[in-house]
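What follows is query-v3.txt (compact mmCIF, C-alpha atoms and all ligand atoms).
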```
# COMPACT_ATOMS: atom_id res chain seq x y z
CA MET O 160 83.86 107.14 97.78
CA ASP O 161 84.29 105.44 94.40
CA ASN O 162 84.12 101.67 94.81
CA PHE O 163 86.78 99.95 92.73
CA ASP O 164 85.80 96.34 93.60
CA SER O 165 83.94 95.60 90.37
CA GLU O 166 86.59 97.26 88.18
CA TYR O 167 89.43 95.36 89.89
CA SER O 168 87.47 92.09 89.58
CA ALA O 169 86.89 92.68 85.87
CA THR O 170 90.29 94.06 84.81
CA PRO O 171 93.76 92.91 85.82
CA ASP O 172 96.25 95.80 85.98
CA LEU O 173 93.53 98.47 85.67
CA PHE O 174 96.18 101.17 86.15
CA GLY O 175 98.90 99.23 84.32
CA ALA O 176 101.43 96.71 85.57
CA GLU O 177 104.38 99.09 85.66
CA PRO O 178 105.25 101.13 88.76
CA GLU O 179 104.99 104.93 88.67
CA ARG O 180 108.01 106.46 86.98
CA SER O 181 108.76 108.83 89.88
CA LEU O 182 108.94 105.81 92.20
CA VAL O 183 111.39 104.03 89.92
CA ARG O 184 113.49 107.19 89.64
CA PHE O 185 113.71 107.93 93.38
CA ALA O 186 113.24 104.50 95.07
CA ASP O 187 116.95 104.42 96.01
CA ARG O 188 116.18 107.12 98.59
CA LEU O 189 114.19 104.65 100.72
CA ASP O 190 115.77 103.26 103.88
CA PRO O 191 115.57 99.45 103.39
CA SER O 192 115.44 98.84 107.14
CA ARG O 193 112.09 100.61 107.47
CA THR O 194 108.59 100.10 106.09
CA VAL O 195 106.79 101.92 103.26
CA LEU O 196 103.06 102.71 103.32
CA ASP O 197 101.19 102.51 99.98
CA VAL O 198 97.95 104.49 100.50
CA GLY O 199 95.25 103.41 98.03
CA CYS O 200 97.51 100.60 96.76
CA GLY O 201 94.94 99.38 94.22
CA GLN O 202 96.15 96.18 92.53
CA GLY O 203 99.59 96.72 93.98
CA ARG O 204 101.84 97.65 91.05
CA ASN O 205 103.90 100.00 93.25
CA SER O 206 103.89 97.88 96.44
CA LEU O 207 105.01 94.83 94.43
CA TYR O 208 107.79 96.80 92.74
CA LEU O 209 109.23 97.88 96.10
CA ALA O 210 108.76 94.46 97.71
CA ARG O 211 110.62 92.83 94.81
CA ARG O 212 113.48 95.20 95.65
CA GLY O 213 113.45 93.82 99.19
CA LEU O 214 111.50 96.60 100.91
CA THR O 215 108.76 95.88 103.44
CA VAL O 216 105.42 97.45 102.45
CA ASP O 217 102.10 98.07 104.19
CA ALA O 218 99.57 98.09 101.33
CA LEU O 219 96.36 99.90 102.32
CA ASP O 220 93.11 100.05 100.35
CA PRO O 221 89.40 100.05 101.24
CA SER O 222 88.69 97.74 98.30
CA GLN O 223 88.47 94.13 99.49
CA VAL O 224 89.19 92.90 95.96
CA ALA O 225 92.33 95.07 95.81
CA VAL O 226 93.83 93.81 99.06
CA GLU O 227 92.99 90.19 98.16
CA GLN O 228 94.68 90.54 94.76
CA VAL O 229 97.77 92.17 96.29
CA GLY O 230 97.87 89.56 99.06
CA ARG O 231 97.75 86.70 96.54
CA ALA O 232 100.48 88.25 94.38
CA ALA O 233 102.70 88.78 97.43
CA ASP O 234 102.14 85.24 98.74
CA ALA O 235 102.87 83.72 95.33
CA HIS O 236 106.39 85.15 95.41
CA ASP O 237 106.87 85.30 99.19
CA LEU O 238 107.15 89.09 99.14
CA PRO O 239 107.18 91.22 102.34
CA ILE O 240 103.82 92.97 101.90
CA ARG O 241 101.26 93.34 104.70
CA THR O 242 97.81 94.14 103.29
CA ILE O 243 95.43 96.33 105.28
CA GLN O 244 91.82 96.75 104.18
CA GLY O 245 90.75 100.25 105.19
CA THR O 246 91.19 103.96 104.59
CA PHE O 247 93.98 106.32 105.59
CA GLN O 248 91.44 108.06 107.85
CA ASP O 249 91.08 104.81 109.87
CA LEU O 250 94.76 103.91 110.01
CA GLY O 251 95.19 104.74 113.70
CA ASP O 252 98.56 105.20 115.36
CA THR O 253 101.33 103.63 113.28
CA GLY O 254 104.19 105.01 115.35
CA ARG O 255 105.03 107.67 112.71
CA ASP O 256 107.97 105.82 111.28
CA TYR O 257 107.27 105.04 107.63
CA SER O 258 110.35 105.71 105.49
CA GLY O 259 108.10 106.35 102.52
CA ILE O 260 104.44 107.02 101.82
CA LEU O 261 103.03 106.46 98.32
CA VAL O 262 99.87 108.32 97.32
CA PHE O 263 99.43 107.51 93.63
CA GLY O 264 96.13 108.30 91.92
CA LEU O 265 94.23 108.96 95.15
CA ILE O 266 93.79 112.75 95.17
CA PRO O 267 91.56 112.74 92.04
CA VAL O 268 88.95 110.61 93.88
CA LEU O 269 89.00 112.62 97.14
CA THR O 270 86.86 115.60 98.10
CA ARG O 271 88.60 118.81 99.21
CA PRO O 272 87.95 118.06 102.93
CA GLN O 273 89.34 114.54 102.41
CA ILE O 274 92.48 116.02 100.81
CA GLY O 275 92.90 118.04 104.02
CA GLU O 276 92.60 114.77 106.00
CA LEU O 277 95.21 113.18 103.73
CA VAL O 278 97.67 116.02 104.40
CA ARG O 279 97.19 115.50 108.15
CA ALA O 280 97.59 111.71 107.78
CA VAL O 281 100.91 112.18 105.96
CA ASP O 282 102.05 114.45 108.80
CA THR O 283 101.04 111.78 111.32
CA HIS O 284 102.57 108.75 109.62
CA LEU O 285 105.69 109.89 107.71
CA GLY O 286 108.85 109.40 109.74
CA ARG O 287 111.89 111.69 109.95
CA GLY O 288 113.89 111.72 106.73
CA GLY O 289 110.98 109.92 105.04
CA HIS O 290 109.79 110.60 101.50
CA LEU O 291 106.31 111.19 100.13
CA TRP O 292 105.48 110.23 96.54
CA ILE O 293 102.24 111.82 95.37
CA THR O 294 100.35 112.47 92.13
CA ALA O 295 97.24 114.45 91.20
CA PHE O 296 95.26 115.45 88.14
CA GLY O 297 95.73 119.08 87.10
CA THR O 298 93.24 121.57 85.73
CA TRP O 299 95.13 121.18 82.42
CA ASP O 300 93.76 117.60 82.12
CA PRO O 301 92.03 117.14 78.73
CA ASP O 302 88.90 115.88 80.57
CA TYR O 303 88.64 118.95 82.82
CA PRO O 304 86.40 121.00 80.48
CA LEU O 305 84.08 117.98 80.04
CA ARG O 306 83.72 117.52 83.81
CA ALA O 307 83.16 121.25 84.27
CA ALA O 308 80.42 121.21 81.62
CA ASP O 309 78.62 117.96 82.49
CA TRP O 310 79.20 117.23 86.20
CA VAL O 311 78.20 119.23 89.28
CA GLU O 312 81.00 121.33 90.82
CA GLU O 313 80.64 120.56 94.55
CA ASP O 314 83.87 122.33 95.55
CA ARG O 315 86.69 124.21 93.82
CA ASN O 316 87.70 122.19 90.71
CA SER O 317 85.98 119.17 92.26
CA PHE O 318 83.17 117.62 90.22
CA ARG O 319 80.54 114.92 90.93
CA SER O 320 79.03 112.80 88.13
CA PRO O 321 75.30 112.02 88.02
CA ASP O 322 76.12 108.47 89.25
CA GLY O 323 78.17 109.78 92.18
CA ARG O 324 81.79 109.54 90.97
CA LEU O 325 84.16 112.34 91.95
CA ARG O 326 87.11 113.98 90.18
CA THR O 327 89.16 116.67 91.88
CA TYR O 328 91.74 118.64 89.89
CA LEU O 329 94.54 120.76 91.39
CA GLU O 330 95.84 124.03 89.97
CA SER O 331 99.46 124.50 88.92
CA GLY O 332 101.71 124.52 92.00
CA GLU O 333 98.93 123.37 94.31
CA LEU O 334 100.21 119.82 94.94
CA VAL O 335 103.55 120.89 96.43
CA ALA O 336 101.86 123.78 98.28
CA LEU O 337 99.69 121.27 100.20
CA PHE O 338 102.83 120.23 102.12
CA PRO O 339 104.66 123.43 103.12
CA GLY O 340 106.68 121.60 105.80
CA LEU O 341 108.27 119.13 103.35
CA GLU O 342 111.32 119.69 101.15
CA THR O 343 110.77 119.34 97.40
CA ILE O 344 113.01 116.68 95.88
CA HIS O 345 111.12 116.47 92.58
CA SER O 346 108.14 118.28 91.09
CA TRP O 347 106.73 117.92 87.60
CA GLU O 348 103.55 119.05 85.84
CA GLY O 349 102.46 118.18 82.31
CA LEU O 350 100.70 115.55 80.24
CA GLY O 351 101.34 112.03 81.55
CA PRO O 352 102.00 108.96 79.39
CA GLU O 353 99.37 107.53 77.05
CA HIS O 354 97.60 104.55 78.64
CA ARG O 355 94.39 102.48 78.56
CA HIS O 356 92.28 101.09 81.38
CA GLY O 357 91.49 97.56 80.24
CA ASN O 358 89.81 97.81 76.83
CA GLY O 359 88.96 101.50 77.27
CA PRO O 360 90.11 104.32 74.97
CA VAL O 361 93.66 105.68 74.95
CA GLU O 362 93.90 108.43 77.59
CA ARG O 363 96.45 111.00 78.65
CA HIS O 364 95.99 112.85 81.93
CA GLY O 365 97.12 116.31 82.94
CA MET O 366 99.31 115.32 85.86
CA ALA O 367 101.20 116.81 88.77
CA GLU O 368 103.75 114.55 90.47
CA ALA O 369 105.99 115.27 93.41
CA VAL O 370 108.53 113.60 95.66
CA LEU O 371 108.86 115.45 98.98
CA ARG O 372 111.04 114.83 102.01
CA ARG O 373 110.47 115.35 105.71
CA GLY O 374 113.58 116.85 107.33
C1 LIG P 1 92.98 105.47 91.09
S1 LIG P 1 93.23 104.17 92.22
C2 LIG P 1 95.01 104.11 92.28
C3 LIG P 1 95.56 102.76 92.67
C4 LIG P 1 97.10 102.65 92.82
N1 LIG P 1 97.62 103.63 93.76
C5 LIG P 1 97.79 102.80 91.49
O1 LIG P 1 98.37 103.86 91.24
O2 LIG P 1 97.76 101.84 90.71
C6 LIG P 1 92.80 104.91 93.78
C7 LIG P 1 92.73 103.87 94.92
O3 LIG P 1 92.51 104.60 96.15
C8 LIG P 1 91.65 103.82 96.95
N2 LIG P 1 91.03 104.73 97.95
C9 LIG P 1 89.92 105.50 97.81
N3 LIG P 1 89.67 106.17 98.95
C10 LIG P 1 90.65 105.82 99.84
C11 LIG P 1 90.94 106.18 101.19
N4 LIG P 1 90.16 107.04 101.87
N5 LIG P 1 92.03 105.62 101.80
C12 LIG P 1 92.81 104.76 101.12
N6 LIG P 1 92.59 104.38 99.83
C13 LIG P 1 91.52 104.90 99.20
C14 LIG P 1 90.67 103.18 95.97
O4 LIG P 1 90.03 102.04 96.49
C15 LIG P 1 91.60 102.88 94.78
O5 LIG P 1 92.12 101.56 94.86
```
Translate the structure of the given file into structure tokens.
Ligand SMILES: C[S@@+](CC[C@H](N)C(=O)[O-])C[C@H]1O[C@@H](n2cnc3c(N)ncnc32)[C@H](O)[C@@H]1O
Amino acid sequence: MDNFDSEYSATPDLFGAEPERSLVRFADRLDPSRTVLDVGCGQGRNSLYLARRGLTVDALDPSQVAVEQVGRAADAHDLPIRTIQGTFQDLGDTGRDYSGILVFGLIPVLTRPQIGELVRAVDTHLGRGGHLWITAFGTWDPDYPLRAADWVEEDRNSFRSPDGRLRTYLESGELVALFPGLETIHSWEGLGPEHRHGNGPVERHGMAEAVLRRG
């Protein structure tokens, strides 16, 4: 697993300060009386956005630095965020009642077997009528040919760098197809917005994003 501790320590807002656009667009669908789970919350841009709107959020990440940063930001403004240091695989029984599950930016750092575990975790933890927000990198990402040329392909469209980092790319239509039991509210594939990670170069990812609903 990639360890984000040093990157989060070095760079505030590594993935930007703004929430994901699909969350902003469809956040009104969340039931304010129930809790949202942010899986791989990172520095909390999406958890904080929802908490500022009055929603209760469980913010989960294995990175100790991430959960400390999110916890401090929540405490500073008295926001209803519970931080949990750990992985979705270790989440245990949550009572299957989350009104929303956010999975932003996680699939690209998971192996294919871990993506299968993620699909099962969503099935376990998303409540009835609940919504899943999820993004992935697509094989149309500008970096895909570089990974294919220079990294080792350890599974289908899943590449490992010499220093152990992983990038998994999904094919067109694959993200929604991972969740055949959920209704598609929104699905989009294309080139995402230009952005920078700290002082890094300007990047633009080939993205798939979806908002899906459990009936
Ligand atoms: C690319 S970052 C995205 C952060 C945040 N969701 C965002 O969009 O700003 C991926 C995050 O997933 C976390 N992560 C990696 N493996 C995980 C797992 N098995 N369960 C939960 N989170 C995980 C990492 O620590 C990292 O913070």
Set the cut-off to 9 Å, count only C-alpha atoms and all ligand atoms, and list whatever residues fall near ligand LIG 1 (chain P) as a VMD selection string. chain O and resid 160 to 164 167 172 to 179 197 to 206 219 to 223 225 to 226 244 to 250 261 to 269 273 277 294
Which residues are near region 316-325 of chain O? Cut-off 7 Å, all atoms listed in the file, ignore same chain within fewer than 3 positions. Put them as a PDB file with C-alpha atoms, in the frame of the given file.
```pdb
ATOM      1  CA  ASP O 161      84.290 105.440  94.400  1.00  0.00           C
ATOM      2  CA  VAL O 268      88.950 110.610  93.880  1.00  0.00           C
ATOM      3  CA  THR O 270      86.860 115.600  98.100  1.00  0.00           C
ATOM      4  CA  ARG O 306      83.720 117.520  83.810  1.00  0.00           C
ATOM      5  CA  ALA O 307      83.160 121.250  84.270  1.00  0.00           C
ATOM      6  CA  TRP O 310      79.200 117.230  86.200  1.00  0.00           C
ATOM      7  CA  VAL O 311      78.200 119.230  89.280  1.00  0.00           C
ATOM      8  CA  GLU O 312      81.000 121.330  90.820  1.00  0.00           C
ATOM      9  CA  GLU O 313      80.640 120.560  94.550  1.00  0.00           C
ATOM     10  CA  TYR O 328      91.740 118.640  89.890  1.00  0.00           C
TER      11      TYR O 328
END
```
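For the residues O:Gly340, O:Pro304, O:Gly357, O:Pro352, ranking by smallest atom-to-atom distance to Leu285 (chain O) using all atoms listed in the file places O:Gly340 first.
The space between CA of Asp234 (chain O) and CA of Trp292 (chain O) spans 25.3 Å.
The two atoms in question, CA of Arg326 (chain O) and CA of Pro272 (chain O), are spaced 13.4 Å apart.
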Step by step: start from the point (94.5, 126.6, 80.4) in the file's coordinates, keep every protein, DNA or RNA residue that has an atom no farther than 12 Å from it, count all atoms listed in the file, and write the set as a ChimeraX atom specification. /O:297-301,303-304,330-331,349,365
Using 3 Å of padding on each side, determine the axis-aligned box around all atoms of region 246-254 of chain O present in the file and give its centre and edge lengths in Å to one decimal, as lines of an AutoDock Vina configuration file.
```
center_x = 97.6
center_y = 105.8
center_z = 110.0
size_x = 19.1
size_y = 10.4
size_z = 16.8
```
With a distance cut-off of 12 Å and only C-alpha atoms, select the neighbouring residues of Arg188 (chain O), excluding the residue or stretch itself and same-chain residues fewer than 2 positions from it, and output the selection as a PyMOL selection string. chain O and resi 181-186+190-193+195+209+214+258-259+288-292+344+370-372
Calculated over only C-alpha atoms, which of the candidates O:Ile243, O:Ala218, O:Leu305, O:Leu341 has the smallest distance to Leu196 (chain O)? O:Ala218
Tell me, as a ChimeraX atom specification, which residues lie within 6 Å of Gly351 (chain O), counting all atoms listed in the file; anything in the same chain fewer than 5 positions away does not count. /O:363-364,366
Kindly save the residues from that selection, with C-alpha atoms included, as an mmCIF file, keeping the file's coordinate frame.
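Result went into out-v8.cif, see below:
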```cif
data_model
loop_
_atom_site.group_PDB
_atom_site.id
_atom_site.type_symbol
_atom_site.label_atom_id
_atom_site.label_comp_id
_atom_site.auth_asym_id
_atom_site.auth_seq_id
_atom_site.Cartn_x
_atom_site.Cartn_y
_atom_site.Cartn_z
ATOM 1 C CA ARG O 363 96.450 111.000 78.650
ATOM 2 C CA HIS O 364 95.990 112.850 81.930
ATOM 3 C CA MET O 366 99.310 115.320 85.860
#
```
Which residues, protein or nucleic acid, reach to within 6 Å of (112.4, 109.0, 111.9) in the file's coordinates when using all atoms listed in the file, and can you give that as JSON, numbers by chain? {"O": [256, 286, 287]}
